[in-house]
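Have a look at my_file_1.cif below; it lists mmCIF, C-alpha atoms and all ligand atoms.
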data_data
loop_
_atom_site.label_atom_id
_atom_site.label_comp_id
_atom_site.auth_asym_id
_atom_site.auth_seq_id
_atom_site.Cartn_x
_atom_site.Cartn_y
_atom_site.Cartn_z
CA MET O 1 0.00 0.00 0.00
CA PRO O 2 1.46 3.40 -0.91
CA LEU O 3 1.46 6.21 1.65
CA VAL O 4 -2.07 7.50 1.93
CA SER O 5 -3.33 11.07 1.71
CA MET O 6 -4.16 12.32 5.20
CA ARG O 7 -7.29 13.87 3.70
CA GLN O 8 -8.59 10.44 2.74
CA LEU O 9 -7.72 9.05 6.14
CA LEU O 10 -9.61 11.88 7.90
CA ASP O 11 -12.57 11.76 5.48
CA GLU O 12 -12.93 8.09 6.36
CA ALA O 13 -12.66 8.92 10.07
CA ALA O 14 -15.47 11.46 9.64
CA LYS O 15 -17.65 8.84 7.94
CA GLY O 16 -16.93 6.38 10.74
CA GLY O 17 -17.27 8.97 13.51
CA TYR O 18 -13.86 8.35 15.04
CA GLY O 19 -10.60 10.23 15.63
CA VAL O 20 -7.09 9.33 14.47
CA GLY O 21 -4.06 9.76 16.70
CA ALA O 22 -1.11 11.56 15.12
CA PHE O 23 2.02 10.36 16.84
CA ASN O 24 5.38 12.11 16.64
CA VAL O 25 8.51 10.23 15.69
CA ASN O 26 12.24 10.90 15.83
CA ASP O 27 13.75 7.45 15.45
CA MET O 28 13.31 3.85 14.39
CA GLU O 29 12.02 2.53 17.70
CA GLN O 30 9.17 5.05 17.82
CA ILE O 31 8.09 4.15 14.29
CA GLN O 32 8.24 0.45 15.19
CA ALA O 33 6.17 1.08 18.33
CA ILE O 34 3.45 2.88 16.35
CA MET O 35 3.31 0.21 13.65
CA ALA O 36 3.18 -2.61 16.18
CA ALA O 37 0.31 -0.83 17.95
CA ALA O 38 -1.47 -0.26 14.62
CA LYS O 39 -1.17 -3.94 13.76
CA GLU O 40 -2.29 -4.98 17.23
CA THR O 41 -5.42 -2.79 17.02
CA ASN O 42 -5.93 -2.87 13.22
CA SER O 43 -5.72 0.94 13.00
CA PRO O 44 -4.93 3.44 10.24
CA VAL O 45 -2.05 5.71 11.31
CA ILE O 46 -0.72 9.22 11.02
CA ILE O 47 3.00 9.44 11.64
CA GLN O 48 4.24 12.98 12.04
CA ALA O 49 7.64 14.63 12.22
CA SER O 50 8.36 18.10 13.54
CA ARG O 51 11.14 20.27 12.16
CA GLY O 52 13.18 19.24 15.19
CA ALA O 53 12.60 15.56 14.38
CA ARG O 54 13.61 16.04 10.75
CA ALA O 55 16.83 17.72 11.86
CA PHE O 56 17.54 15.10 14.54
CA ALA O 57 16.91 12.03 12.39
CA GLN O 58 17.95 13.60 9.06
CA ASP O 59 15.29 13.70 6.36
CA ARG O 60 16.53 10.76 4.33
CA PHE O 61 16.86 8.42 7.32
CA LEU O 62 13.39 9.32 8.55
CA PHE O 63 11.79 8.98 5.16
CA HIS O 64 13.28 5.56 4.51
CA LEU O 65 12.13 4.38 7.94
CA ILE O 66 8.58 5.34 6.96
CA LEU O 67 8.96 3.47 3.69
CA ALA O 68 10.13 0.44 5.65
CA ALA O 69 7.01 0.70 7.84
CA ASN O 70 4.93 0.82 4.69
CA GLU O 71 6.69 -2.21 3.23
CA LEU O 72 6.39 -4.30 6.40
CA TYR O 73 2.75 -3.42 7.12
CA PRO O 74 1.07 -3.24 3.68
CA GLU O 75 -2.37 -3.67 5.24
CA ILE O 76 -2.11 -0.49 7.33
CA PRO O 77 -2.90 2.90 5.71
CA ILE O 78 -0.15 5.37 6.70
CA ALA O 79 -0.18 9.14 6.21
CA MET O 80 3.14 10.93 6.67
CA HIS O 81 2.68 14.43 8.04
CA GLN O 82 4.89 17.46 8.65
CA ASP O 83 4.02 18.73 12.13
CA HIS O 84 4.14 22.52 12.67
CA GLY O 85 5.72 23.70 9.45
CA ASN O 86 6.93 27.22 10.22
CA SER O 87 7.23 28.47 6.64
CA PHE O 88 6.33 27.77 3.03
CA GLU O 89 9.87 26.43 2.50
CA THR O 90 9.55 23.86 5.31
CA CYS O 91 6.26 22.57 3.88
CA LYS O 92 7.60 22.57 0.32
CA SER O 93 10.63 20.51 1.34
CA ALA O 94 8.39 17.96 3.10
CA ILE O 95 6.15 17.68 0.03
CA GLU O 96 9.17 17.24 -2.24
CA LEU O 97 10.44 14.53 0.07
CA GLY O 98 7.15 12.59 -0.32
CA TYR O 99 5.12 13.53 2.77
CA THR O 100 1.42 13.13 2.05
CA SER O 101 0.38 15.91 4.42
CA VAL O 102 1.79 19.12 5.86
CA MET O 103 0.83 21.49 8.61
CA MET O 104 1.46 25.14 7.89
CA ASP O 105 1.35 26.73 11.31
CA GLY O 106 0.92 30.34 10.27
CA SER O 107 -0.49 31.24 13.67
CA LEU O 108 3.11 32.04 14.56
CA LYS O 109 5.71 33.91 12.56
CA GLU O 110 8.58 31.98 10.97
CA ASP O 111 10.53 32.09 14.26
CA GLY O 112 7.90 29.68 15.66
CA LYS O 113 7.42 31.91 18.71
CA THR O 114 5.78 35.24 17.87
CA PRO O 115 2.03 35.26 17.13
CA SER O 116 1.36 36.45 13.56
CA THR O 117 -1.51 38.57 12.26
CA PHE O 118 -4.61 36.98 10.75
CA GLU O 119 -3.72 38.29 7.29
CA GLU O 120 -0.16 36.93 7.50
CA ASN O 121 -1.55 33.56 8.53
CA VAL O 122 -4.05 33.49 5.64
CA ALA O 123 -1.39 34.49 3.10
CA VAL O 124 1.24 31.89 4.00
CA THR O 125 -1.29 29.09 4.49
CA LYS O 126 -2.97 29.82 1.14
CA LYS O 127 0.44 29.74 -0.52
CA VAL O 128 1.07 26.25 0.92
CA VAL O 129 -2.41 25.04 -0.13
CA ASP O 130 -1.80 26.31 -3.69
CA PHE O 131 1.44 24.32 -3.81
CA ALA O 132 0.18 21.19 -2.01
CA HIS O 133 -3.26 20.48 -3.48
CA PRO O 134 -2.18 20.17 -7.14
CA ARG O 135 0.27 17.55 -5.82
CA GLY O 136 -2.47 15.71 -3.91
CA VAL O 137 -1.02 16.67 -0.54
CA THR O 138 -3.21 17.50 2.47
CA VAL O 139 -2.83 20.78 4.37
CA GLU O 140 -3.56 21.48 8.02
CA GLY O 141 -3.66 25.10 9.18
CA GLU O 142 -3.87 26.64 12.63
CA ILE O 143 -5.97 29.51 13.83
CA GLY O 144 -5.65 30.83 17.37
CA VAL O 145 -2.48 30.15 19.35
CA LEU O 146 -1.77 27.16 21.57
CA GLY O 147 -0.06 27.50 24.91
CA GLY O 148 3.30 26.06 25.89
CA VAL O 149 6.44 25.24 23.95
CA GLU O 150 7.59 21.93 22.47
CA ASP O 151 10.68 21.26 20.37
CA GLY O 152 11.41 24.98 20.59
CA HIS O 153 8.09 25.72 18.90
CA GLY O 154 5.31 27.66 20.60
CA ALA O 155 4.29 31.01 21.99
CA GLY O 156 4.53 29.83 25.61
CA GLY O 157 2.00 30.88 28.24
CA SER O 158 -1.28 29.24 29.08
CA GLY O 159 -3.59 27.70 26.51
CA LEU O 160 -6.34 30.16 27.36
CA GLU O 161 -4.65 33.33 26.10
CA HIS O 162 -5.51 33.08 22.38
CA ILE O 163 -8.69 30.99 22.05
CA THR O 164 -9.84 30.62 18.43
CA ASP O 165 -12.62 32.98 17.33
CA PRO O 166 -15.22 30.92 15.40
CA ASP O 167 -15.90 33.71 12.85
CA GLN O 168 -12.19 33.97 12.12
CA ALA O 169 -11.92 30.19 11.82
CA VAL O 170 -14.67 30.16 9.20
CA GLU O 171 -13.12 33.04 7.24
CA PHE O 172 -9.71 31.39 7.48
CA ALA O 173 -10.97 28.04 6.17
CA GLU O 174 -12.89 29.73 3.37
CA ARG O 175 -9.96 31.85 2.21
CA THR O 176 -7.26 29.18 2.47
CA GLY O 177 -9.08 25.94 1.57
CA VAL O 178 -7.26 23.92 4.25
CA ASP O 179 -8.34 20.31 4.73
CA ALA O 180 -7.81 20.29 8.46
CA LEU O 181 -7.74 23.02 11.04
CA ALA O 182 -5.98 23.10 14.39
CA ILE O 183 -7.89 25.26 16.81
CA ALA O 184 -6.93 26.68 20.18
CA ILE O 185 -9.50 25.65 22.79
CA GLY O 186 -7.32 25.69 25.89
CA THR O 187 -4.69 23.02 25.26
CA SER O 188 -0.93 23.52 25.49
CA HIS O 189 2.12 21.72 24.17
CA GLY O 190 4.55 19.91 26.46
CA ALA O 191 4.12 18.04 29.74
CA TYR O 192 2.98 20.98 31.89
CA LYS O 193 -0.49 21.69 30.55
CA PHE O 194 -2.52 22.28 33.68
CA SER O 195 -1.28 23.06 37.18
CA LYS O 196 -4.34 21.57 38.87
CA LYS O 197 -6.54 18.59 38.20
CA PRO O 198 -8.81 19.46 35.24
CA ASP O 199 -12.46 19.46 36.29
CA GLY O 200 -14.16 18.51 33.03
CA SER O 201 -14.51 22.07 31.78
CA VAL O 202 -10.87 22.66 30.90
CA LEU O 203 -11.53 22.91 27.20
CA LYS O 204 -13.69 25.44 25.40
CA MET O 205 -15.97 22.84 23.86
CA ASP O 206 -18.59 25.46 22.94
CA VAL O 207 -16.02 27.08 20.63
CA LEU O 208 -15.20 23.73 19.03
CA ILE O 209 -18.87 22.89 18.51
CA ALA O 210 -19.59 26.32 16.98
CA ILE O 211 -16.71 25.90 14.52
CA HIS O 212 -17.67 22.35 13.56
CA LYS O 213 -21.28 23.37 12.84
CA ARG O 214 -20.16 25.95 10.31
CA LEU O 215 -17.23 23.97 8.87
CA PRO O 216 -18.53 20.40 8.75
CA ASN O 217 -16.10 19.39 5.99
CA THR O 218 -12.96 20.82 7.58
CA HIS O 219 -11.46 18.26 9.92
CA LEU O 220 -10.68 19.71 13.33
CA VAL O 221 -7.36 18.94 14.99
CA MET O 222 -6.54 18.91 18.67
CA HIS O 223 -2.92 19.68 19.47
CA GLY O 224 -1.29 19.32 22.86
CA SER O 225 -3.62 16.41 23.59
CA SER O 226 -1.48 14.12 25.67
CA SER O 227 -3.20 12.97 28.82
CA VAL O 228 0.05 12.94 30.85
CA PRO O 229 -1.05 9.93 32.95
CA LYS O 230 -0.01 9.91 36.57
CA ASP O 231 1.28 6.32 36.41
CA LEU O 232 3.79 7.30 33.67
CA GLN O 233 4.93 10.33 35.69
CA ASP O 234 5.29 8.11 38.77
CA ILE O 235 7.54 5.57 37.01
CA ILE O 236 9.93 8.37 36.00
CA ASN O 237 10.03 9.83 39.50
CA GLN O 238 10.29 6.43 41.17
CA TYR O 239 13.52 5.76 39.29
CA GLY O 240 15.34 9.01 39.92
CA GLY O 241 13.39 11.44 37.73
CA LYS O 242 12.26 14.86 38.91
CA LEU O 243 9.01 15.69 37.14
CA LYS O 244 6.85 18.28 38.82
CA GLU O 245 3.20 17.37 39.37
CA THR O 246 1.16 18.10 36.24
CA TRP O 247 -2.08 17.24 34.47
CA GLY O 248 -2.87 16.70 30.79
CA VAL O 249 -6.07 16.60 28.76
CA PRO O 250 -8.42 13.90 30.09
CA VAL O 251 -9.23 11.26 27.47
CA GLU O 252 -12.97 11.88 28.02
CA GLU O 253 -12.49 15.49 26.88
CA ILE O 254 -10.79 14.29 23.70
CA GLN O 255 -13.62 11.83 23.12
CA LEU O 256 -16.12 14.67 23.53
CA GLY O 257 -14.12 16.55 20.87
CA ILE O 258 -14.22 13.52 18.57
CA ARG O 259 -18.02 13.46 18.88
CA ASN O 260 -17.92 17.08 17.67
CA GLY O 261 -15.72 17.03 14.58
CA VAL O 262 -12.20 16.38 15.89
CA ARG O 263 -10.57 13.90 13.50
CA LYS O 264 -6.85 14.24 14.29
CA VAL O 265 -5.46 14.12 17.80
CA ASN O 266 -1.80 14.96 18.33
CA VAL O 267 0.00 12.94 20.98
CA ASP O 268 3.70 13.24 21.76
CA THR O 269 4.31 13.85 25.48
CA ASP O 270 2.68 10.60 26.65
CA ASN O 271 5.04 8.59 24.46
CA ARG O 272 8.05 10.57 25.65
CA LEU O 273 7.06 9.84 29.25
CA ALA O 274 6.56 6.11 28.55
CA ILE O 275 9.95 5.77 26.85
CA THR O 276 11.85 7.71 29.50
CA GLY O 277 10.18 5.83 32.34
CA ALA O 278 11.05 2.45 30.83
CA ILE O 279 14.67 3.44 30.23
CA ARG O 280 15.07 4.91 33.72
CA LYS O 281 13.67 1.77 35.30
CA VAL O 282 16.23 -0.47 33.60
CA LEU O 283 19.19 1.81 34.28
CA TRP O 284 18.14 2.43 37.91
CA THR O 285 17.34 -1.18 38.85
CA THR O 286 20.12 -2.90 36.88
CA PRO O 287 23.01 -0.40 36.75
CA GLU O 288 25.37 -3.11 35.53
CA LYS O 289 23.64 -3.23 32.13
CA PHE O 290 25.20 -1.44 29.17
CA ASP O 291 23.62 -2.96 26.04
CA PRO O 292 21.27 -0.31 24.59
CA ARG O 293 18.86 -3.06 23.57
CA ASP O 294 18.30 -3.84 27.26
CA TYR O 295 16.53 -0.51 27.68
CA MET O 296 15.41 0.33 24.13
CA LYS O 297 13.28 -2.81 23.91
CA PRO O 298 11.22 -2.08 27.06
CA ALA O 299 11.04 1.57 25.94
CA ARG O 300 9.59 0.55 22.59
CA GLU O 301 7.11 -1.77 24.31
CA ALA O 302 6.04 0.97 26.72
CA MET O 303 5.34 3.33 23.82
CA GLN O 304 3.46 0.64 21.91
CA LYS O 305 1.21 0.17 24.93
CA VAL O 306 0.38 3.89 25.12
CA VAL O 307 -0.24 4.16 21.37
CA ALA O 308 -2.46 1.06 21.26
CA THR O 309 -4.47 2.42 24.21
CA ARG O 310 -4.97 5.80 22.49
CA MET O 311 -5.92 4.15 19.19
CA THR O 312 -8.64 2.23 21.01
CA GLN O 313 -9.81 5.30 22.95
CA PHE O 314 -9.94 7.51 19.84
CA GLY O 315 -11.97 4.88 17.99
CA GLN O 316 -9.63 4.27 15.05
CA ALA O 317 -9.01 0.67 16.17
CA GLY O 318 -10.54 -1.85 13.77
CA HIS O 319 -10.70 0.57 10.84
CA ALA O 320 -7.42 -0.13 8.98
CA GLY O 321 -9.11 -2.31 6.38
CA ASP O 322 -12.25 -0.23 5.80
CA TYR O 323 -11.08 1.34 2.55
CA LYS O 324 -8.71 1.12 -0.38
CA PRO O 325 -6.20 3.94 -0.69
CA ILE O 326 -6.95 6.53 -3.36
CA SER O 327 -3.81 7.45 -5.27
CA ILE O 328 -2.27 10.83 -4.58
CA ALA O 329 -2.79 11.70 -8.27
CA GLN O 330 -6.51 10.94 -7.91
CA ILE O 331 -6.68 13.10 -4.79
CA ALA O 332 -5.07 15.94 -6.77
CA LYS O 333 -7.86 15.59 -9.36
CA GLY O 334 -10.43 15.80 -6.56
CA TYR O 335 -9.02 19.16 -5.50
CA ALA O 336 -8.96 20.36 -9.11
CA ASP O 337 -12.56 19.39 -9.91
CA GLY O 338 -13.95 20.70 -6.62
CA SER O 339 -15.13 17.38 -5.22
CA LEU O 340 -12.78 17.77 -2.23
CA THR O 341 -13.87 21.28 -1.35
CA THR O 342 -14.07 22.25 2.32
CA GLN O 343 -16.05 25.46 1.93
CA PRO O 344 -18.30 26.49 4.84
CA LEU O 345 -21.98 25.61 4.82
CA VAL O 346 -23.82 28.39 2.98
CA ALA O 347 -26.83 28.03 5.24
CA ALA O 348 -24.71 28.69 8.32
CA ARG O 349 -23.25 31.98 7.08
ZN ZN O 401 1.12 20.96 17.99
#
Can I see the file as structure tokens?
Ligand SMILES: [Zn+2]
Amino acid sequence: MPLVSMRQLLDEAAKGGYGVGAFNVNDMEQIQAIMAAAKETNSPVIIQASRGARAFAQDRFLFHLILAANELYPEIPIAMHQDHGNSFETCKSAIELGYTSVMMDGSLKEDGKTPSTFEENVAVTKKVVDFAHPRGVTVEGEIGVLGGVEDGHGAGGSGLEHITDPDQAVEFAERTGVDALAIAIGTSHGAYKFSKKPDGSVLKMDVLIAIHKRLPNTHLVMHGSSSVPKDLQDIINQYGGKLKETWGVPVEEIQLGIRNGVRKVNVDTDNRLAITGAIRKVLWTTPEKFDPRDYMKPAREAMQKVVATRMTQFGQAGHAGDYKPISIAQIAKGYADGSLTTQPLVAAR
């Protein structure tokens, strides 16, 4: 099976009423963990790489690892996605490398830190859409600004400072033609999302619902959606780590989002915690060990467990074989003839 367009994967998720986890990768073991979890749960997958990951792993290594995943698991649809592209050039390079989806995060300027203006965001995102769609590549945009920083990317601060305005979201989607839209509803990147236990009203679900009603064909994306489970934090701290107490986004909140148009859920922190906890445990309890496989294997298994759990919770489990992949060339035709339009509902304007 060739790499699949993320648009197709999310369109299918919308039909089936489920969400798809988008898991970040930097190395071979993380890709193996995701694929093993996908096989275990029979799930379609989105594998995503940030700019930091592309620099760390080197583009060619990373891309060939994805091809290997594709070769070894032909029954699993895989979309390869650029996470948080900071510029047209970053997205263009991912598309030229063979990624089937890119995020142009124009909510921030090219430095990945300073919030941009609405017009700047529209202009750069539209430019990426105009380059990507004729090539059959999916585009995710972002409107509003998330809290926190991850991989050096982010405006910092709390997730409640720049909540997405539904009117702006609709105008943004209409003017850019993005396939998927990341919205800011109170989530933050990184491990330290909330400093007290979330009470079930941590996310601005009314904003999400308002946007979904008017943009039913634009797939909504939740970033910063790790749940930061206490048991994973505890393993790290039990074996010499020093994490401060923190809370993530409860899975029930994500599931509420999925019932209201969220089709892509970004998860990175939970996997980082699982890997680090597993490695710490081995090094702390058996300090005589020095073969990297002695700790990389449990680390990979710990990540697989988290990913498989999320795939089941998001509802994508069992759906890998629901559909045949449409070729990227066919997807490009769909954009050209208007059958893949994401324009807002006229009645809702
Ligand atoms: Zn993000």
Excluding stretch 255-257 of chain O and any residue of its chain fewer than 2 positions from it, enumerate the residues within 8 Å of it, using only C-alpha atoms, and give them as a compact mmCIF listing (two decimals) with C-alpha atoms, keeping the file's coordinate frame.
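Contents of around-v9.txt, as written:
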# COMPACT_ATOMS: atom_id res chain seq x y z
CA MET O 205 -15.97 22.84 23.86
CA LEU O 208 -15.20 23.73 19.03
CA VAL O 251 -9.23 11.26 27.47
CA GLU O 252 -12.97 11.88 28.02
CA GLU O 253 -12.49 15.49 26.88
CA ARG O 259 -18.02 13.46 18.88
CA ASN O 260 -17.92 17.08 17.67
CA GLY O 261 -15.72 17.03 14.58
CA VAL O 262 -12.20 16.38 15.89
CA GLN O 313 -9.81 5.30 22.95
CA PHE O 314 -9.94 7.51 19.84
Subject >> From O:Gln48, O:Thr125, O:Gln30, O:Thr117, residue lying nearest ligand ZN 401 (chain O) [all atoms listed in the file] >> reply: O:Gln48
Subject >> Given only C-alpha atoms as the counted atoms, nearest of O:Glu171, O:Pro74, O:Lys196, O:Gly154 to O:Glu119 >> reply: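 Result for the nearest residue to O:Glu119: O:Glu171.
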Original post:
Which is closest to ligand ZN 401 (chain O) among O:Glu174, O:Glu288, O:Asp294, O:Glu142, if we use all atoms listed in the file?
Top reply: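 Using all atoms listed in the file, the shortest distance to ligand ZN 401 (chain O) belongs to O:Glu142.
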**OP:** Name the residues in contact with O:Pro216 at a cut-off of 12 Å, using all atoms listed in the file, excluding same-chain residues fewer than 5 positions from it; report them as a PyMOL selection string.
**Re:** chain O and resi 11+14-15+170+173+179-181+208-211+260-263+341-348
**OP:** Go through O:Gln82, O:Thr164, O:Gln233, O:Asn70 one by one, measure the shortest atom-to-atom distance of each to ligand ZN 401 (chain O) using all atoms listed in the file, and give the residue with the smallest value.
**Re:** O:Gln82
**OP:** Show me as a count of residues only the residues that reach within 12 Å of (6.7, 5.7, 38.1), counting all atoms listed in the file and using the file's own coordinates.
**Re:** 25
**OP:** Return as a PyMOL selection string the residues of protein, DNA or RNA that approach ligand ZN 401 (chain O) to within 8 Å, with all atoms listed in the file taken into account.
**Re:** chain O and resi 83-84+146+150+189+222-224+266
I'd like the box whose edges run along x, y and z of the file and which contains every listed atom of stretch 264-280 of chain O, padded by 3 Å per side; could you state its centre and edge lengths in Å, one decimal, as lines of an AutoDock Vina configuration file?
center_x = 4.1
center_y = 8.7
center_z = 24.0
size_x = 27.9
size_y = 18.5
size_z = 25.4
Original post:
Do you know which residues are at most 6 Å from O:Gln316 counting all atoms listed in the file, after dropping those on the same chain fewer than 6 positions away, and could you put them as an MDAnalysis selection string?
Top reply: chainID O and resid 18 20 43
Keeping only C-alpha atoms, write those residues as a compact mmCIF listing (two decimals), in the frame of the given file.
# COMPACT_ATOMS: atom_id res chain seq x y z
CA TYR O 18 -13.86 8.35 15.04
CA VAL O 20 -7.09 9.33 14.47
CA SER O 43 -5.72 0.94 13.00
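Each of O:Arg214, O:Arg300, O:Lys264, O:Arg272 was compared to O:Gly190 using only C-alpha atoms, and O:Arg272 turns out to be the nearest.
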